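This is structure_17.cif (mmCIF, N, CA and C atoms).
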```
data_start
#
loop_
_atom_site.label_atom_id
_atom_site.label_comp_id
_atom_site.auth_asym_id
_atom_site.auth_seq_id
_atom_site.Cartn_x
_atom_site.Cartn_y
_atom_site.Cartn_z
N ASP A 3 -33.41 -43.43 -17.79
CA ASP A 3 -34.30 -44.49 -17.37
C ASP A 3 -35.12 -44.09 -16.15
N GLU A 4 -34.47 -43.39 -15.20
CA GLU A 4 -35.19 -42.98 -14.00
C GLU A 4 -36.31 -42.01 -14.33
N GLU A 5 -36.05 -41.11 -15.33
CA GLU A 5 -37.08 -40.16 -15.73
C GLU A 5 -38.29 -40.88 -16.31
N GLU A 6 -38.07 -41.94 -17.08
CA GLU A 6 -39.18 -42.71 -17.64
C GLU A 6 -40.00 -43.33 -16.53
N ASP A 7 -39.35 -43.88 -15.49
CA ASP A 7 -40.06 -44.47 -14.37
C ASP A 7 -40.90 -43.44 -13.64
N ASP A 8 -40.33 -42.23 -13.46
CA ASP A 8 -41.09 -41.16 -12.80
C ASP A 8 -42.32 -40.78 -13.62
N ASP A 9 -42.15 -40.70 -14.95
CA ASP A 9 -43.29 -40.37 -15.80
C ASP A 9 -44.38 -41.42 -15.70
N ALA A 10 -43.99 -42.69 -15.61
CA ALA A 10 -44.97 -43.77 -15.55
C ALA A 10 -45.77 -43.72 -14.25
N THR A 11 -45.14 -43.38 -13.14
CA THR A 11 -45.85 -43.34 -11.87
C THR A 11 -46.71 -42.10 -11.74
N ASN A 12 -46.35 -41.03 -12.43
CA ASN A 12 -47.14 -39.80 -12.37
C ASN A 12 -48.30 -39.77 -13.35
N ASN A 13 -48.33 -40.68 -14.29
CA ASN A 13 -49.39 -40.72 -15.28
C ASN A 13 -50.63 -41.35 -14.67
N PRO A 14 -51.71 -40.59 -14.48
CA PRO A 14 -52.91 -41.14 -13.83
C PRO A 14 -53.58 -42.23 -14.66
N ASN A 15 -53.51 -42.16 -15.97
CA ASN A 15 -54.14 -43.19 -16.80
C ASN A 15 -53.46 -44.53 -16.64
N GLU A 16 -52.15 -44.50 -16.50
CA GLU A 16 -51.42 -45.75 -16.39
C GLU A 16 -51.65 -46.40 -15.03
N SER A 17 -51.74 -45.62 -13.98
CA SER A 17 -51.94 -46.20 -12.65
C SER A 17 -53.34 -46.79 -12.52
N ALA A 18 -54.29 -46.27 -13.28
CA ALA A 18 -55.65 -46.80 -13.22
C ALA A 18 -55.74 -48.18 -13.86
N THR A 19 -54.88 -48.45 -14.85
CA THR A 19 -54.94 -49.74 -15.51
C THR A 19 -54.12 -50.79 -14.77
N THR A 20 -53.26 -50.39 -13.88
CA THR A 20 -52.45 -51.32 -13.12
C THR A 20 -53.29 -51.89 -11.99
N THR A 21 -53.26 -53.22 -11.84
CA THR A 21 -54.02 -53.84 -10.75
C THR A 21 -53.06 -54.38 -9.72
N THR A 22 -53.45 -54.29 -8.48
CA THR A 22 -52.66 -54.83 -7.39
C THR A 22 -53.51 -55.84 -6.64
N ASP A 23 -52.88 -56.58 -5.76
CA ASP A 23 -53.61 -57.56 -4.96
C ASP A 23 -54.64 -56.89 -4.06
N ASP A 24 -54.40 -55.62 -3.69
CA ASP A 24 -55.33 -54.91 -2.83
C ASP A 24 -56.64 -54.60 -3.56
N ALA A 25 -56.59 -54.49 -4.88
CA ALA A 25 -57.77 -54.15 -5.66
C ALA A 25 -58.71 -55.34 -5.86
N ILE A 26 -58.25 -56.55 -5.60
CA ILE A 26 -59.09 -57.73 -5.75
C ILE A 26 -60.00 -57.84 -4.53
N THR A 27 -61.30 -57.83 -4.81
CA THR A 27 -62.28 -57.89 -3.73
C THR A 27 -62.54 -59.33 -3.30
N PRO A 28 -63.09 -59.52 -2.12
CA PRO A 28 -63.45 -60.89 -1.70
C PRO A 28 -64.42 -61.56 -2.67
N ARG A 29 -65.30 -60.75 -3.28
CA ARG A 29 -66.25 -61.30 -4.25
C ARG A 29 -65.49 -61.85 -5.47
N ASP A 30 -64.47 -61.11 -5.93
CA ASP A 30 -63.66 -61.57 -7.06
C ASP A 30 -62.95 -62.87 -6.71
N LYS A 31 -62.44 -62.96 -5.50
CA LYS A 31 -61.75 -64.18 -5.06
C LYS A 31 -62.72 -65.37 -5.04
N ARG A 32 -63.94 -65.13 -4.51
CA ARG A 32 -64.94 -66.21 -4.48
C ARG A 32 -65.32 -66.63 -5.89
N GLN A 33 -65.49 -65.66 -6.79
CA GLN A 33 -65.86 -65.96 -8.17
C GLN A 33 -64.77 -66.78 -8.85
N THR A 34 -63.51 -66.39 -8.65
CA THR A 34 -62.39 -67.12 -9.25
C THR A 34 -62.32 -68.54 -8.69
N ARG A 35 -62.50 -68.67 -7.39
CA ARG A 35 -62.47 -70.00 -6.75
C ARG A 35 -63.59 -70.88 -7.28
N PHE A 36 -64.80 -70.31 -7.39
CA PHE A 36 -65.94 -71.06 -7.90
C PHE A 36 -65.70 -71.53 -9.34
N GLU A 37 -65.19 -70.62 -10.18
CA GLU A 37 -64.91 -70.99 -11.57
C GLU A 37 -63.87 -72.10 -11.66
N THR A 38 -62.86 -72.03 -10.80
CA THR A 38 -61.83 -73.07 -10.79
C THR A 38 -62.43 -74.41 -10.40
N LEU A 39 -63.25 -74.41 -9.34
CA LEU A 39 -63.89 -75.66 -8.91
C LEU A 39 -64.79 -76.23 -9.99
N MET A 40 -65.61 -75.37 -10.59
CA MET A 40 -66.54 -75.83 -11.62
C MET A 40 -65.80 -76.38 -12.83
N ASN A 41 -64.73 -75.72 -13.23
CA ASN A 41 -63.97 -76.19 -14.38
C ASN A 41 -63.25 -77.50 -14.10
N ASN A 42 -62.86 -77.71 -12.84
CA ASN A 42 -62.22 -78.97 -12.48
C ASN A 42 -63.20 -80.14 -12.51
N PHE A 43 -64.42 -79.91 -12.02
CA PHE A 43 -65.41 -80.98 -11.93
C PHE A 43 -66.28 -81.10 -13.18
N PHE A 44 -66.59 -79.97 -13.80
CA PHE A 44 -67.45 -79.95 -14.98
C PHE A 44 -66.75 -79.17 -16.09
N PRO A 45 -65.92 -79.83 -16.87
CA PRO A 45 -65.19 -79.11 -17.91
C PRO A 45 -66.16 -78.44 -18.88
N SER A 46 -65.78 -77.28 -19.33
CA SER A 46 -66.63 -76.52 -20.24
C SER A 46 -66.56 -77.12 -21.63
N THR A 47 -67.60 -77.85 -21.98
CA THR A 47 -67.72 -78.43 -23.31
C THR A 47 -69.12 -78.15 -23.80
N PRO A 48 -69.32 -78.16 -25.11
CA PRO A 48 -70.67 -77.91 -25.62
C PRO A 48 -71.67 -78.91 -25.05
N GLY A 49 -72.78 -78.40 -24.53
CA GLY A 49 -73.83 -79.26 -23.99
C GLY A 49 -73.74 -79.50 -22.51
N THR A 50 -72.67 -79.08 -21.84
CA THR A 50 -72.53 -79.33 -20.40
C THR A 50 -73.68 -78.72 -19.62
N TYR A 51 -74.04 -77.48 -19.95
CA TYR A 51 -75.13 -76.80 -19.25
C TYR A 51 -76.43 -77.60 -19.34
N SER A 52 -76.76 -78.04 -20.54
CA SER A 52 -78.02 -78.78 -20.73
C SER A 52 -78.02 -80.09 -19.95
N VAL A 53 -76.91 -80.78 -19.97
CA VAL A 53 -76.82 -82.06 -19.24
C VAL A 53 -76.99 -81.82 -17.75
N LEU A 54 -76.26 -80.87 -17.20
CA LEU A 54 -76.37 -80.59 -15.76
C LEU A 54 -77.77 -80.12 -15.38
N ARG A 55 -78.36 -79.29 -16.22
CA ARG A 55 -79.71 -78.77 -15.96
C ARG A 55 -80.72 -79.92 -15.93
N ARG A 56 -80.63 -80.80 -16.90
CA ARG A 56 -81.58 -81.91 -16.97
C ARG A 56 -81.36 -82.90 -15.83
N LEU A 57 -80.12 -83.18 -15.49
CA LEU A 57 -79.85 -84.09 -14.38
C LEU A 57 -80.33 -83.52 -13.05
N SER A 58 -80.41 -82.19 -12.97
CA SER A 58 -80.89 -81.54 -11.75
C SER A 58 -82.41 -81.42 -11.71
N GLY A 59 -83.08 -81.75 -12.81
CA GLY A 59 -84.53 -81.65 -12.86
C GLY A 59 -85.02 -80.22 -13.02
N ILE A 60 -84.23 -79.37 -13.65
CA ILE A 60 -84.61 -77.97 -13.85
C ILE A 60 -85.17 -77.81 -15.25
N ALA A 61 -86.42 -77.36 -15.33
CA ALA A 61 -87.07 -77.17 -16.62
C ALA A 61 -86.75 -75.80 -17.18
N GLU A 62 -86.78 -75.71 -18.51
CA GLU A 62 -86.47 -74.45 -19.17
C GLU A 62 -87.21 -74.38 -20.50
N GLY A 63 -87.61 -73.19 -20.89
CA GLY A 63 -88.21 -72.98 -22.21
C GLY A 63 -89.53 -73.71 -22.39
N THR A 64 -89.62 -74.49 -23.46
CA THR A 64 -90.88 -75.17 -23.78
C THR A 64 -91.21 -76.28 -22.79
N GLU A 65 -90.25 -76.71 -22.00
CA GLU A 65 -90.53 -77.72 -20.97
C GLU A 65 -91.47 -77.17 -19.90
N LEU A 66 -91.58 -75.86 -19.81
CA LEU A 66 -92.44 -75.23 -18.81
C LEU A 66 -93.88 -75.01 -19.31
N THR A 67 -94.09 -75.25 -20.58
CA THR A 67 -95.41 -75.00 -21.18
C THR A 67 -96.48 -75.84 -20.48
N SER A 68 -97.54 -75.18 -20.09
CA SER A 68 -98.72 -75.78 -19.42
C SER A 68 -98.36 -76.57 -18.16
N ARG A 69 -97.40 -76.10 -17.41
CA ARG A 69 -97.04 -76.69 -16.12
C ARG A 69 -97.10 -75.62 -15.04
N THR A 70 -97.44 -76.04 -13.85
CA THR A 70 -97.43 -75.09 -12.73
C THR A 70 -96.02 -74.97 -12.20
N ALA A 71 -95.82 -74.00 -11.35
CA ALA A 71 -94.49 -73.76 -10.78
C ALA A 71 -94.01 -74.96 -9.96
N LEU A 72 -94.92 -75.64 -9.25
CA LEU A 72 -94.52 -76.78 -8.44
C LEU A 72 -94.19 -78.00 -9.30
N GLU A 73 -94.89 -78.16 -10.41
CA GLU A 73 -94.60 -79.28 -11.31
C GLU A 73 -93.22 -79.16 -11.93
N SER A 74 -92.76 -77.94 -12.10
CA SER A 74 -91.45 -77.73 -12.73
C SER A 74 -90.36 -77.41 -11.71
N ASN A 75 -90.58 -77.76 -10.44
CA ASN A 75 -89.57 -77.67 -9.38
C ASN A 75 -89.09 -76.26 -9.08
N GLN A 76 -89.88 -75.25 -9.38
CA GLN A 76 -89.43 -73.89 -9.17
C GLN A 76 -89.39 -73.50 -7.70
N GLU A 77 -90.11 -74.22 -6.84
CA GLU A 77 -90.02 -73.89 -5.42
C GLU A 77 -88.66 -74.25 -4.84
N PHE A 78 -87.98 -75.24 -5.44
CA PHE A 78 -86.64 -75.61 -4.98
C PHE A 78 -85.59 -74.60 -5.42
N LEU A 79 -85.92 -73.80 -6.42
CA LEU A 79 -85.02 -72.77 -6.92
C LEU A 79 -85.32 -71.41 -6.29
N ASN A 80 -86.24 -71.40 -5.31
CA ASN A 80 -86.71 -70.16 -4.67
C ASN A 80 -87.31 -69.19 -5.69
N ALA A 81 -87.96 -69.74 -6.70
CA ALA A 81 -88.59 -68.91 -7.73
C ALA A 81 -90.06 -68.64 -7.42
N VAL A 82 -90.56 -69.24 -6.34
CA VAL A 82 -91.96 -69.08 -5.98
C VAL A 82 -92.05 -68.55 -4.56
N SER A 83 -92.84 -67.52 -4.38
CA SER A 83 -93.10 -67.02 -3.04
C SER A 83 -94.53 -67.39 -2.66
N PHE A 84 -94.68 -68.04 -1.52
CA PHE A 84 -96.01 -68.41 -1.05
C PHE A 84 -96.60 -67.35 -0.14
N THR A 85 -95.87 -66.27 0.09
CA THR A 85 -96.36 -65.23 1.01
C THR A 85 -96.64 -63.91 0.32
N LYS A 86 -96.12 -63.71 -0.88
CA LYS A 86 -96.34 -62.41 -1.52
C LYS A 86 -96.37 -62.57 -3.03
N GLY A 87 -96.80 -61.52 -3.68
CA GLY A 87 -96.75 -61.49 -5.14
C GLY A 87 -98.05 -61.91 -5.78
N CYS A 88 -98.12 -61.68 -7.05
CA CYS A 88 -99.28 -62.04 -7.85
C CYS A 88 -98.75 -62.51 -9.19
N TYR A 89 -99.06 -63.76 -9.55
CA TYR A 89 -98.55 -64.30 -10.79
C TYR A 89 -99.55 -65.28 -11.37
N LEU A 90 -99.39 -65.58 -12.64
CA LEU A 90 -100.28 -66.49 -13.33
C LEU A 90 -100.18 -67.88 -12.71
N GLY A 91 -101.29 -68.46 -12.33
CA GLY A 91 -101.31 -69.79 -11.72
C GLY A 91 -101.07 -69.78 -10.22
N GLN A 92 -101.14 -68.60 -9.60
CA GLN A 92 -100.84 -68.49 -8.18
C GLN A 92 -101.83 -69.29 -7.33
N GLU A 93 -103.10 -69.24 -7.67
CA GLU A 93 -104.10 -69.95 -6.87
C GLU A 93 -103.87 -71.45 -6.90
N LEU A 94 -103.64 -72.00 -8.07
CA LEU A 94 -103.39 -73.44 -8.20
C LEU A 94 -102.09 -73.83 -7.49
N THR A 95 -101.07 -73.01 -7.63
CA THR A 95 -99.79 -73.28 -6.97
C THR A 95 -99.94 -73.25 -5.45
N ALA A 96 -100.65 -72.24 -4.94
CA ALA A 96 -100.86 -72.13 -3.50
C ALA A 96 -101.68 -73.30 -2.98
N ARG A 97 -102.71 -73.71 -3.72
CA ARG A 97 -103.54 -74.84 -3.31
C ARG A 97 -102.73 -76.13 -3.27
N SER A 98 -101.90 -76.34 -4.30
CA SER A 98 -101.06 -77.54 -4.34
C SER A 98 -100.08 -77.56 -3.18
N GLN A 99 -99.52 -76.41 -2.87
CA GLN A 99 -98.56 -76.33 -1.76
C GLN A 99 -99.27 -76.55 -0.43
N PHE A 100 -100.47 -75.99 -0.29
CA PHE A 100 -101.23 -76.13 0.96
C PHE A 100 -101.64 -77.57 1.20
N THR A 101 -102.14 -78.25 0.16
CA THR A 101 -102.58 -79.64 0.32
C THR A 101 -101.41 -80.62 0.31
N GLY A 102 -100.29 -80.20 -0.25
CA GLY A 102 -99.11 -81.07 -0.30
C GLY A 102 -99.19 -82.10 -1.41
N VAL A 103 -100.12 -81.91 -2.37
CA VAL A 103 -100.30 -82.87 -3.45
C VAL A 103 -99.89 -82.24 -4.77
N VAL A 104 -98.85 -82.78 -5.36
CA VAL A 104 -98.43 -82.39 -6.70
C VAL A 104 -98.52 -83.66 -7.52
N ARG A 105 -99.48 -83.72 -8.43
CA ARG A 105 -99.74 -84.96 -9.17
C ARG A 105 -98.70 -85.26 -10.24
N LYS A 106 -98.13 -84.24 -10.81
CA LYS A 106 -97.09 -84.43 -11.84
C LYS A 106 -95.89 -83.59 -11.43
N ARG A 107 -94.71 -84.05 -11.79
CA ARG A 107 -93.50 -83.30 -11.48
C ARG A 107 -92.43 -83.69 -12.48
N ILE A 108 -91.61 -82.73 -12.86
CA ILE A 108 -90.48 -83.01 -13.73
C ILE A 108 -89.38 -83.62 -12.87
N VAL A 109 -88.96 -84.82 -13.22
CA VAL A 109 -87.90 -85.49 -12.46
C VAL A 109 -86.83 -85.99 -13.44
N PRO A 110 -85.60 -85.95 -13.01
CA PRO A 110 -84.54 -86.47 -13.89
C PRO A 110 -84.53 -88.00 -13.88
N VAL A 111 -84.40 -88.57 -15.06
CA VAL A 111 -84.30 -90.02 -15.21
C VAL A 111 -83.12 -90.28 -16.13
N MET A 112 -82.24 -91.16 -15.70
CA MET A 112 -81.09 -91.46 -16.53
C MET A 112 -81.03 -92.96 -16.78
N MET A 113 -81.02 -93.33 -18.05
CA MET A 113 -80.91 -94.73 -18.44
C MET A 113 -79.44 -95.03 -18.67
N SER A 114 -78.90 -95.97 -17.93
CA SER A 114 -77.48 -96.29 -18.10
C SER A 114 -77.27 -97.40 -19.11
N ASP A 115 -78.28 -98.23 -19.33
CA ASP A 115 -78.17 -99.32 -20.29
C ASP A 115 -79.14 -99.04 -21.43
N VAL A 116 -78.62 -98.72 -22.60
CA VAL A 116 -79.48 -98.34 -23.71
C VAL A 116 -80.31 -99.51 -24.25
N GLU A 117 -79.93 -100.73 -23.92
CA GLU A 117 -80.68 -101.90 -24.38
C GLU A 117 -81.66 -102.39 -23.32
N MET A 118 -81.76 -101.68 -22.21
CA MET A 118 -82.67 -102.06 -21.14
C MET A 118 -84.12 -101.90 -21.60
N GLU A 119 -84.95 -102.85 -21.23
CA GLU A 119 -86.36 -102.78 -21.61
C GLU A 119 -87.07 -101.77 -20.71
N VAL A 120 -87.85 -100.91 -21.32
CA VAL A 120 -88.60 -99.90 -20.57
C VAL A 120 -89.73 -100.61 -19.84
N PRO A 121 -89.90 -100.36 -18.52
CA PRO A 121 -90.98 -101.02 -17.77
C PRO A 121 -92.34 -100.75 -18.38
N ARG A 122 -93.19 -101.76 -18.40
CA ARG A 122 -94.52 -101.67 -19.02
C ARG A 122 -95.36 -100.51 -18.46
N PRO A 123 -95.37 -100.26 -17.14
CA PRO A 123 -96.15 -99.12 -16.65
C PRO A 123 -95.72 -97.78 -17.25
N TRP A 124 -94.43 -97.63 -17.53
CA TRP A 124 -93.94 -96.40 -18.14
C TRP A 124 -94.49 -96.26 -19.56
N ILE A 125 -94.53 -97.37 -20.29
CA ILE A 125 -95.06 -97.35 -21.65
C ILE A 125 -96.53 -96.98 -21.62
N MET A 126 -97.28 -97.60 -20.71
CA MET A 126 -98.71 -97.30 -20.60
C MET A 126 -98.94 -95.84 -20.21
N ALA A 127 -98.16 -95.35 -19.27
CA ALA A 127 -98.30 -93.95 -18.85
C ALA A 127 -98.00 -93.01 -20.01
N GLY A 128 -97.00 -93.32 -20.80
CA GLY A 128 -96.68 -92.50 -21.97
C GLY A 128 -97.80 -92.50 -22.99
N MET A 129 -98.41 -93.67 -23.21
CA MET A 129 -99.52 -93.77 -24.16
C MET A 129 -100.73 -92.97 -23.67
N ILE A 130 -101.03 -93.07 -22.39
CA ILE A 130 -102.16 -92.34 -21.81
C ILE A 130 -101.91 -90.84 -21.91
N GLN A 131 -100.70 -90.43 -21.63
CA GLN A 131 -100.35 -89.00 -21.68
C GLN A 131 -100.48 -88.48 -23.11
N GLU A 132 -100.03 -89.26 -24.09
CA GLU A 132 -100.15 -88.84 -25.49
C GLU A 132 -101.61 -88.71 -25.91
N LEU A 133 -102.47 -89.62 -25.44
CA LEU A 133 -103.89 -89.55 -25.78
C LEU A 133 -104.54 -88.31 -25.16
N GLY A 134 -104.11 -87.95 -23.95
CA GLY A 134 -104.67 -86.80 -23.26
C GLY A 134 -104.28 -85.48 -23.89
N GLU A 135 -103.16 -85.43 -24.59
CA GLU A 135 -102.69 -84.19 -25.20
C GLU A 135 -103.39 -83.89 -26.51
N GLU A 136 -104.03 -84.87 -27.12
CA GLU A 136 -104.70 -84.65 -28.42
C GLU A 136 -106.02 -83.97 -28.29
#
```
Show this structure as structure tokens.
Amino acid sequence: DEEEDDDATNNPNESATTTTDDAITPRDKRQTRFETLMNNFFPSTPGTYSVLRRLSGIAEGTELTSRTALESNQEFLNAVSFTKGCYLGQELTARSQFTGVVRKRIVPVMMSDVEMEVPRPWIMAGMIQELGEE
């Protein structure tokens, strides 16, 4: 039995696969802690990502079509640099940021009562927007 133990400690392949507490980096610890917290508060179920993304007002995919970076809240995600770079829509984005006027913006809205009547201004705004897209 002792000879087998000696062989196991002398085998370089086996020692490489063995992990010790010293091999765990602070980054690994932070990642594990973050995953634990997220799983406790937001259980991993189908659709969780989409719900959290929409509740946060983060646009993705076709929701970004024909919108500027400021309209889709990308400045809050640090996705826009106002000091460097060259990108499509940069002039309009810089002008909007400089004047402080963003006329449209993606915002999260959550209806808690499905039988609640939609306010008339919202209906009118939706109708006007549909007419403008044609």
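If you look at atom CA of A:Arg105 and atom N of A:Arg69, they are 12.3 Å away from each other.
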Pick from A:Thr95, A:Met113, A:Arg56, A:Ala127 nearest to A:Thr70, counting only N, CA and C atoms: A:Thr95
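Between atom N of A:Tyr51 and atom CA of A:Thr38 there is a distance of 15.9 Å.
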Answer key for the PyMOL selection byres ((chain A and resi 59) around 7), residues as a short mmCIF file (atom, residue, chain, number, x, y, z; two decimals) with N, CA and C atoms, in the coordinates of the input:
```cif
data_model
loop_
_atom_site.label_atom_id
_atom_site.label_comp_id
_atom_site.auth_asym_id
_atom_site.auth_seq_id
_atom_site.Cartn_x
_atom_site.Cartn_y
_atom_site.Cartn_z
N LEU A 54 -76.26 -80.87 -17.20
CA LEU A 54 -76.37 -80.59 -15.76
C LEU A 54 -77.77 -80.12 -15.38
N ARG A 55 -78.36 -79.29 -16.22
CA ARG A 55 -79.71 -78.77 -15.96
C ARG A 55 -80.72 -79.92 -15.93
N ARG A 56 -80.63 -80.80 -16.90
CA ARG A 56 -81.58 -81.91 -16.97
C ARG A 56 -81.36 -82.90 -15.83
N LEU A 57 -80.12 -83.18 -15.49
CA LEU A 57 -79.85 -84.09 -14.38
C LEU A 57 -80.33 -83.52 -13.05
N SER A 58 -80.41 -82.19 -12.97
CA SER A 58 -80.89 -81.54 -11.75
C SER A 58 -82.41 -81.42 -11.71
N ILE A 60 -84.23 -79.37 -13.65
CA ILE A 60 -84.61 -77.97 -13.85
C ILE A 60 -85.17 -77.81 -15.25
N ALA A 61 -86.42 -77.36 -15.33
CA ALA A 61 -87.07 -77.17 -16.62
C ALA A 61 -86.75 -75.80 -17.18
N SER A 74 -92.76 -77.94 -12.10
CA SER A 74 -91.45 -77.73 -12.73
C SER A 74 -90.36 -77.41 -11.71
N ASN A 75 -90.58 -77.76 -10.44
CA ASN A 75 -89.57 -77.67 -9.38
C ASN A 75 -89.09 -76.26 -9.08
N ILE A 108 -91.61 -82.73 -12.86
CA ILE A 108 -90.48 -83.01 -13.73
C ILE A 108 -89.38 -83.62 -12.87
N VAL A 109 -88.96 -84.82 -13.22
CA VAL A 109 -87.90 -85.49 -12.46
C VAL A 109 -86.83 -85.99 -13.44
N PRO A 110 -85.60 -85.95 -13.01
CA PRO A 110 -84.54 -86.47 -13.89
C PRO A 110 -84.53 -88.00 -13.88
#
```
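Atom CA of A:Lys106 is positioned 18.6 Å from atom CA of A:Pro121.
Non-sequential neighbours of A:Phe100 (distance at most 12 Å, separation of 4 or more positions within a chain, only C-alpha atoms) are Leu72, Phe84, Thr85, Gln92, Glu93, Leu94, Thr95, Ala96 and Val104 of chain A.
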